Amino acid sequence: MSSAPVIVEATAKHTSTFIFMHGLGDTGHGWSSAIVSIRPSCMKIVCPTAPTQPVTLNAGFRMPSWFDLKSLDISGPEDEEGIRAATKIIHGMIDNEIEKGVPPARIVLGGFSQGGALALYSALTFTKPLAGIVALSCWLPLHKQFPAAKLNNNNIPIFQAHGDFDPVVRYKFGQLSASVLKSFMKDVTFKTYHGLSHSSSDAEMDDVRDVLAKWVK
């Protein structure tokens, strides 16, 4: 970690945790306020910041990035070593919450763009069932390795959301990821936000509020 995660404690008794990963070039502060505003009162928020490293897609410039991005093409090369290293960090954060007494079935993983990709991969390769996955404007990394790479069960609910005007992570890339996920996971929701680019919206955040309330009620 390049810096400590943003942590916002629950406002009621702490019985659930939402770990949310930002997108490329952002920090944990970029999403913490938005997530806090839609969480159930029992939910602690953890928004880590990615390490700073060179990013091939951005001409090698150094920025907060969970792993190297070489392409945002469906069939492009991927940084498998970096994805696995980032996943270890997230698994450690989940284990930390479990050690503090939060059952894994009350822990949600989520993220936006590159962070959403990491949330999907980390949740699917964790060995204990989680409460759910919030995957915003993102894709499933190393998708050709699934379902063989999956270590978790088939019942974790996944809420995947994507704008159909996204010029960065193409809408079709999100659709393909949803199709792959639906081939081996039982509870996948893919929601389209018409006119939305590579960002979030009030309507999307309202929907995330609803799924969080449902998953940790």
# chains A, B, ... in the order shown; residues from 1 in each chain; ligands from 1
>>> select_by_dssp(residues="segment 66-190 of chain A", states="strand (DSSP E)", output="ChimeraX atom specification")
/A:107-112,132-136,158-163,188-190
>>> residues_around(residues="Asp166 of chain A", least_positions_apart="2", cutoff="7 Å", atoms="only C-alpha atoms", output="list in words")
Gly163, Asp164, Val168, Val169, Arg170, Tyr171, Leu196, Ser197 and His198 of chain A
>>> closest_residue(among="A:Met21, A:Val55, A:Ala85, A:Ile38", to="Ser113 of chain A", atoms="only C-alpha atoms")
A:Met21
>>> closest_residue(among="A:Phe190, A:Phe67, A:Phe18, A:Phe173", to="Pro40 of chain A", atoms="only C-alpha atoms")
A:Phe18
>>> atom_distance(atom1="atom CA of Ala50 of chain A", atom2="atom CA of Gly23 of chain A")
8.9 Å
>>> atom_distance(atom1="atom CA of Leu151 of chain A", atom2="atom CA of Glu80 of chain A")
16.9 Å
>>> residues_around(residues="Asn153 of chain A", least_positions_apart="6", cutoff="12 Å", atoms="only C-alpha atoms", output="PyMOL selection string")
chain A and resi 105+123-132+147+184-187
>>> closest_residue(among="A:Gly76, A:Pro48, A:Gly195, A:Pro64", to="Gly110 of chain A", atoms="only C-alpha atoms")
A:Pro48
>>> select_by_dssp(residues="segment 65-151 of chain A", states="helix (DSSP H, G or I)", output="number ranges by chain")
A: 80-99, 104-106, 114-124, 143-145
>>> atom_distance(atom1="atom CA of Ile89 of chain A", atom2="atom CA of Ser37 of chain A")
25.6 Å
>>> closest_residue(among="A:Ala135, A:Leu24, A:Leu181, A:Leu176", to="Val208 of chain A", atoms="only C-alpha atoms")
A:Ala135
>>> closest_residue(among="A:Leu72, A:Ile158, A:Val36, A:Ala10", to="Thr56 of chain A", atoms="only C-alpha atoms")
A:Leu72
>>> closest_residue(among="A:Lys150, A:Arg106, A:Lys144, A:Arg209", to="Glu78 of chain A", atoms="only C-alpha atoms")
A:Lys144
>>> residues_around(residues="Gly30 of chain A", least_positions_apart="4", cutoff="10 Å", atoms="only C-alpha atoms", output="list of chain:residue names")
A:Val6, A:Met21, A:His22, A:Gly23, A:Gly25, A:Asp26, A:Ala34, A:Ile35, A:Cys47, A:Thr49
>>> residues_around(residues="Ile7 of chain A", least_positions_apart="2", cutoff="8 Å", atoms="only C-alpha atoms", output="ChimeraX atom specification")
/A:5,9,44-47
>>> write_last_selection(atoms="C-alpha atoms", output="PDB file, in the first residue's frame")
ATOM      1  CA  PRO A   5      -6.712   2.970   3.530  1.00  0.00           C
ATOM      2  CA  GLU A   9     -16.446   3.023  11.010  1.00  0.00           C
ATOM      3  CA  LYS A  44     -17.778  -0.245   8.042  1.00  0.00           C
ATOM      4  CA  ILE A  45     -16.188   1.181   4.896  1.00  0.00           C
ATOM      5  CA  VAL A  46     -12.607   0.437   3.846  1.00  0.00           C
ATOM      6  CA  CYS A  47     -11.269   2.250   0.749  1.00  0.00           C
TER       7      CYS A  47
END
>>> residues_around(residues="Lys191 of chain A", least_positions_apart="6", cutoff="7 Å", atoms="only C-alpha atoms", output="VMD selection string")
chain A and resid 160 to 162
>>> residues_around(residues="Ile133 of chain A", least_positions_apart="3", cutoff="8 Å", atoms="only C-alpha atoms", output="list in words")
Val108, Leu109, Gly110, Ala119, Leu120, Ala123, Ile156, Pro157, Ile158 and Phe159 of chain A
>>> write_last_selection(atoms="N, CA, C and O atoms", output="mmCIF file, in the first residue's frame")
data_model
loop_
_atom_site.group_PDB
_atom_site.id
_atom_site.type_symbol
_atom_site.label_atom_id
_atom_site.label_comp_id
_atom_site.auth_asym_id
_atom_site.auth_seq_id
_atom_site.Cartn_x
_atom_site.Cartn_y
_atom_site.Cartn_z
ATOM 1 N N VAL A 108 -18.563 -7.375 1.871
ATOM 2 C CA VAL A 108 -18.802 -7.083 0.452
ATOM 3 C C VAL A 108 -17.508 -6.539 -0.153
ATOM 4 O O VAL A 108 -16.824 -5.714 0.450
ATOM 5 N N LEU A 109 -17.176 -7.009 -1.353
ATOM 6 C CA LEU A 109 -16.071 -6.433 -2.118
ATOM 7 C C LEU A 109 -16.653 -5.630 -3.261
ATOM 8 O O LEU A 109 -17.649 -6.043 -3.880
ATOM 9 N N GLY A 110 -16.037 -4.498 -3.574
ATOM 10 C CA GLY A 110 -16.516 -3.696 -4.687
ATOM 11 C C GLY A 110 -15.418 -2.839 -5.252
ATOM 12 O O GLY A 110 -14.329 -2.715 -4.691
ATOM 13 N N ALA A 119 -11.893 -6.393 -7.654
ATOM 14 C CA ALA A 119 -12.908 -6.912 -6.726
ATOM 15 C C ALA A 119 -13.468 -8.239 -7.233
ATOM 16 O O ALA A 119 -13.629 -9.193 -6.457
ATOM 17 N N LEU A 120 -13.778 -8.301 -8.514
ATOM 18 C CA LEU A 120 -14.298 -9.551 -9.080
ATOM 19 C C LEU A 120 -13.291 -10.678 -8.922
ATOM 20 O O LEU A 120 -13.621 -11.766 -8.425
ATOM 21 N N ALA A 123 -12.679 -11.660 -5.148
ATOM 22 C CA ALA A 123 -13.807 -12.364 -4.528
ATOM 23 C C ALA A 123 -13.928 -13.794 -5.055
ATOM 24 O O ALA A 123 -14.151 -14.734 -4.289
ATOM 25 N N ILE A 156 -22.412 -16.450 -4.664
ATOM 26 C CA ILE A 156 -22.147 -15.061 -4.275
ATOM 27 C C ILE A 156 -22.880 -14.131 -5.239
ATOM 28 O O ILE A 156 -22.674 -14.209 -6.455
ATOM 29 N N PRO A 157 -23.735 -13.237 -4.739
ATOM 30 C CA PRO A 157 -24.416 -12.314 -5.647
ATOM 31 C C PRO A 157 -23.453 -11.275 -6.220
ATOM 32 O O PRO A 157 -22.593 -10.746 -5.497
ATOM 33 N N ILE A 158 -23.591 -11.016 -7.508
ATOM 34 C CA ILE A 158 -22.750 -10.033 -8.191
ATOM 35 C C ILE A 158 -23.656 -8.968 -8.803
ATOM 36 O O ILE A 158 -24.580 -9.281 -9.561
ATOM 37 N N PHE A 159 -23.393 -7.708 -8.453
ATOM 38 C CA PHE A 159 -24.092 -6.586 -9.077
ATOM 39 C C PHE A 159 -23.089 -5.871 -9.970
ATOM 40 O O PHE A 159 -22.166 -5.221 -9.483
#
>>> decode(residues="segment 50-198 of chain A", atoms="C-alpha atoms", output="compact mmCIF listing (two decimals), in the first residue's frame")
# COMPACT_ATOMS: atom_id res chain seq x y z
CA ALA A 50 -3.33 1.32 -4.78
CA PRO A 51 0.49 1.37 -4.88
CA THR A 52 2.05 3.90 -7.26
CA GLN A 53 3.63 2.16 -10.25
CA PRO A 54 4.30 2.66 -13.98
CA VAL A 55 1.30 1.98 -16.22
CA THR A 56 2.01 0.75 -19.75
CA LEU A 57 -1.32 2.00 -21.11
CA ASN A 58 -0.40 5.53 -19.99
CA ALA A 59 3.07 5.60 -21.56
CA GLY A 60 4.75 4.27 -18.43
CA PHE A 61 3.72 7.19 -16.20
CA ARG A 62 3.64 6.34 -12.51
CA MET A 63 0.27 6.56 -10.79
CA PRO A 64 -1.85 4.66 -8.26
CA SER A 65 -2.63 1.38 -10.00
CA TRP A 66 -3.61 -2.02 -8.64
CA PHE A 67 -1.71 -3.75 -11.46
CA ASP A 68 -0.22 -2.78 -14.80
CA LEU A 69 -2.70 -2.12 -17.58
CA LYS A 70 -1.30 -3.05 -20.98
CA SER A 71 -4.57 -2.83 -22.90
CA LEU A 72 -8.30 -2.36 -22.39
CA ASP A 73 -9.10 -4.66 -25.29
CA ILE A 74 -11.03 -7.87 -24.70
CA SER A 75 -8.24 -10.00 -26.16
CA GLY A 76 -5.31 -7.80 -25.07
CA PRO A 77 -2.37 -8.86 -22.86
CA GLU A 78 -2.85 -8.77 -19.09
CA ASP A 79 -0.54 -8.37 -16.11
CA GLU A 80 -1.25 -11.73 -14.51
CA GLU A 81 1.54 -11.43 -11.94
CA GLY A 82 0.36 -7.97 -10.90
CA ILE A 83 -3.28 -9.07 -10.68
CA ARG A 84 -2.33 -11.96 -8.42
CA ALA A 85 -0.15 -9.71 -6.22
CA ALA A 86 -2.97 -7.17 -5.82
CA THR A 87 -5.39 -9.98 -5.04
CA LYS A 88 -3.15 -11.09 -2.16
CA ILE A 89 -3.41 -7.57 -0.70
CA ILE A 90 -7.22 -7.65 -0.88
CA HIS A 91 -7.41 -11.18 0.54
CA GLY A 92 -5.30 -9.92 3.46
CA MET A 93 -7.78 -7.10 4.03
CA ILE A 94 -10.68 -9.57 4.06
CA ASP A 95 -8.82 -11.80 6.51
CA ASN A 96 -8.19 -8.77 8.71
CA GLU A 97 -11.92 -8.09 8.94
CA ILE A 98 -12.64 -11.75 9.69
CA GLU A 99 -10.07 -11.66 12.50
CA LYS A 100 -11.93 -8.67 13.93
CA GLY A 101 -15.09 -10.76 14.14
CA VAL A 102 -16.92 -9.95 10.90
CA PRO A 103 -18.14 -13.17 9.24
CA PRO A 104 -17.06 -13.48 5.57
CA ALA A 105 -20.73 -13.72 4.59
CA ARG A 106 -21.08 -10.12 5.89
CA ILE A 107 -18.18 -8.74 3.83
CA VAL A 108 -18.80 -7.08 0.45
CA LEU A 109 -16.07 -6.43 -2.12
CA GLY A 110 -16.52 -3.70 -4.69
CA GLY A 111 -14.74 -1.34 -6.99
CA PHE A 112 -14.81 0.96 -9.98
CA SER A 113 -13.03 0.28 -13.29
CA GLN A 114 -9.65 -1.33 -12.50
CA GLY A 115 -10.78 -1.56 -8.86
CA GLY A 116 -13.96 -3.35 -9.90
CA ALA A 117 -11.93 -5.79 -11.95
CA LEU A 118 -9.79 -6.49 -8.89
CA ALA A 119 -12.91 -6.91 -6.73
CA LEU A 120 -14.30 -9.55 -9.08
CA TYR A 121 -11.05 -11.49 -9.30
CA SER A 122 -10.33 -11.24 -5.56
CA ALA A 123 -13.81 -12.36 -4.53
CA LEU A 124 -13.94 -15.28 -6.96
CA THR A 125 -10.53 -16.54 -5.83
CA PHE A 126 -11.19 -16.18 -2.09
CA THR A 127 -11.94 -19.47 -0.33
CA LYS A 128 -14.82 -18.34 1.90
CA PRO A 129 -18.27 -17.18 0.71
CA LEU A 130 -18.72 -13.41 0.77
CA ALA A 131 -21.86 -11.25 1.01
CA GLY A 132 -21.57 -9.95 -2.54
CA ILE A 133 -19.57 -8.13 -5.23
CA VAL A 134 -20.24 -4.62 -6.55
CA ALA A 135 -18.53 -4.27 -9.95
CA LEU A 136 -18.86 -0.81 -11.53
CA SER A 137 -17.74 0.01 -15.10
CA CYS A 138 -15.29 -2.87 -15.14
CA TRP A 139 -14.37 -6.28 -16.52
CA LEU A 140 -13.40 -9.76 -15.35
CA PRO A 141 -9.58 -10.03 -15.46
CA LEU A 142 -7.99 -13.19 -16.85
CA HIS A 143 -11.49 -14.26 -17.92
CA LYS A 144 -10.21 -17.19 -19.98
CA GLN A 145 -9.00 -18.84 -16.76
CA PHE A 146 -12.53 -19.11 -15.39
CA PRO A 147 -14.32 -21.10 -14.10
CA ALA A 148 -11.17 -23.16 -13.39
CA ALA A 149 -9.62 -20.31 -11.36
CA LYS A 150 -12.69 -19.93 -9.15
CA LEU A 151 -12.15 -21.00 -5.53
CA ASN A 152 -15.39 -19.66 -4.05
CA ASN A 153 -18.92 -21.01 -4.35
CA ASN A 154 -21.40 -20.26 -7.14
CA ASN A 155 -23.90 -18.37 -5.01
CA ILE A 156 -22.15 -15.06 -4.27
CA PRO A 157 -24.42 -12.31 -5.65
CA ILE A 158 -22.75 -10.03 -8.19
CA PHE A 159 -24.09 -6.59 -9.08
CA GLN A 160 -22.37 -5.41 -12.25
CA ALA A 161 -23.16 -1.93 -13.59
CA HIS A 162 -21.99 -0.21 -16.78
CA GLY A 163 -22.76 2.92 -18.78
CA ASP A 164 -23.52 2.30 -22.45
CA PHE A 165 -21.50 5.42 -23.44
CA ASP A 166 -18.32 4.30 -21.66
CA PRO A 167 -15.33 5.25 -23.90
CA VAL A 168 -12.70 3.77 -21.56
CA VAL A 169 -13.90 0.31 -20.50
CA ARG A 170 -16.17 -0.45 -23.41
CA TYR A 171 -19.75 -1.42 -22.68
CA LYS A 172 -19.29 -4.59 -24.77
CA PHE A 173 -16.34 -5.55 -22.56
CA GLY A 174 -18.64 -5.30 -19.54
CA GLN A 175 -21.31 -7.34 -21.34
CA LEU A 176 -18.80 -10.05 -22.24
CA SER A 177 -17.61 -10.22 -18.63
CA ALA A 178 -21.21 -10.57 -17.44
CA SER A 179 -21.78 -13.39 -19.93
CA VAL A 180 -18.69 -15.22 -18.69
CA LEU A 181 -19.75 -14.73 -15.06
CA LYS A 182 -23.28 -15.96 -15.75
CA SER A 183 -21.84 -19.16 -17.23
CA PHE A 184 -20.60 -20.31 -13.80
CA MET A 185 -22.19 -18.02 -11.17
CA LYS A 186 -25.86 -18.32 -10.21
CA ASP A 187 -26.71 -14.75 -9.14
CA VAL A 188 -25.34 -12.17 -11.59
CA THR A 189 -27.13 -8.87 -12.28
CA PHE A 190 -25.85 -6.72 -15.15
CA LYS A 191 -27.48 -3.29 -15.20
CA THR A 192 -27.11 -0.76 -17.99
CA TYR A 193 -27.15 3.00 -17.37
CA HIS A 194 -28.15 4.73 -20.57
CA GLY A 195 -26.05 7.72 -21.55
CA LEU A 196 -23.52 7.15 -18.75
CA SER A 197 -19.83 7.41 -19.65
CA HIS A 198 -16.90 6.09 -17.58
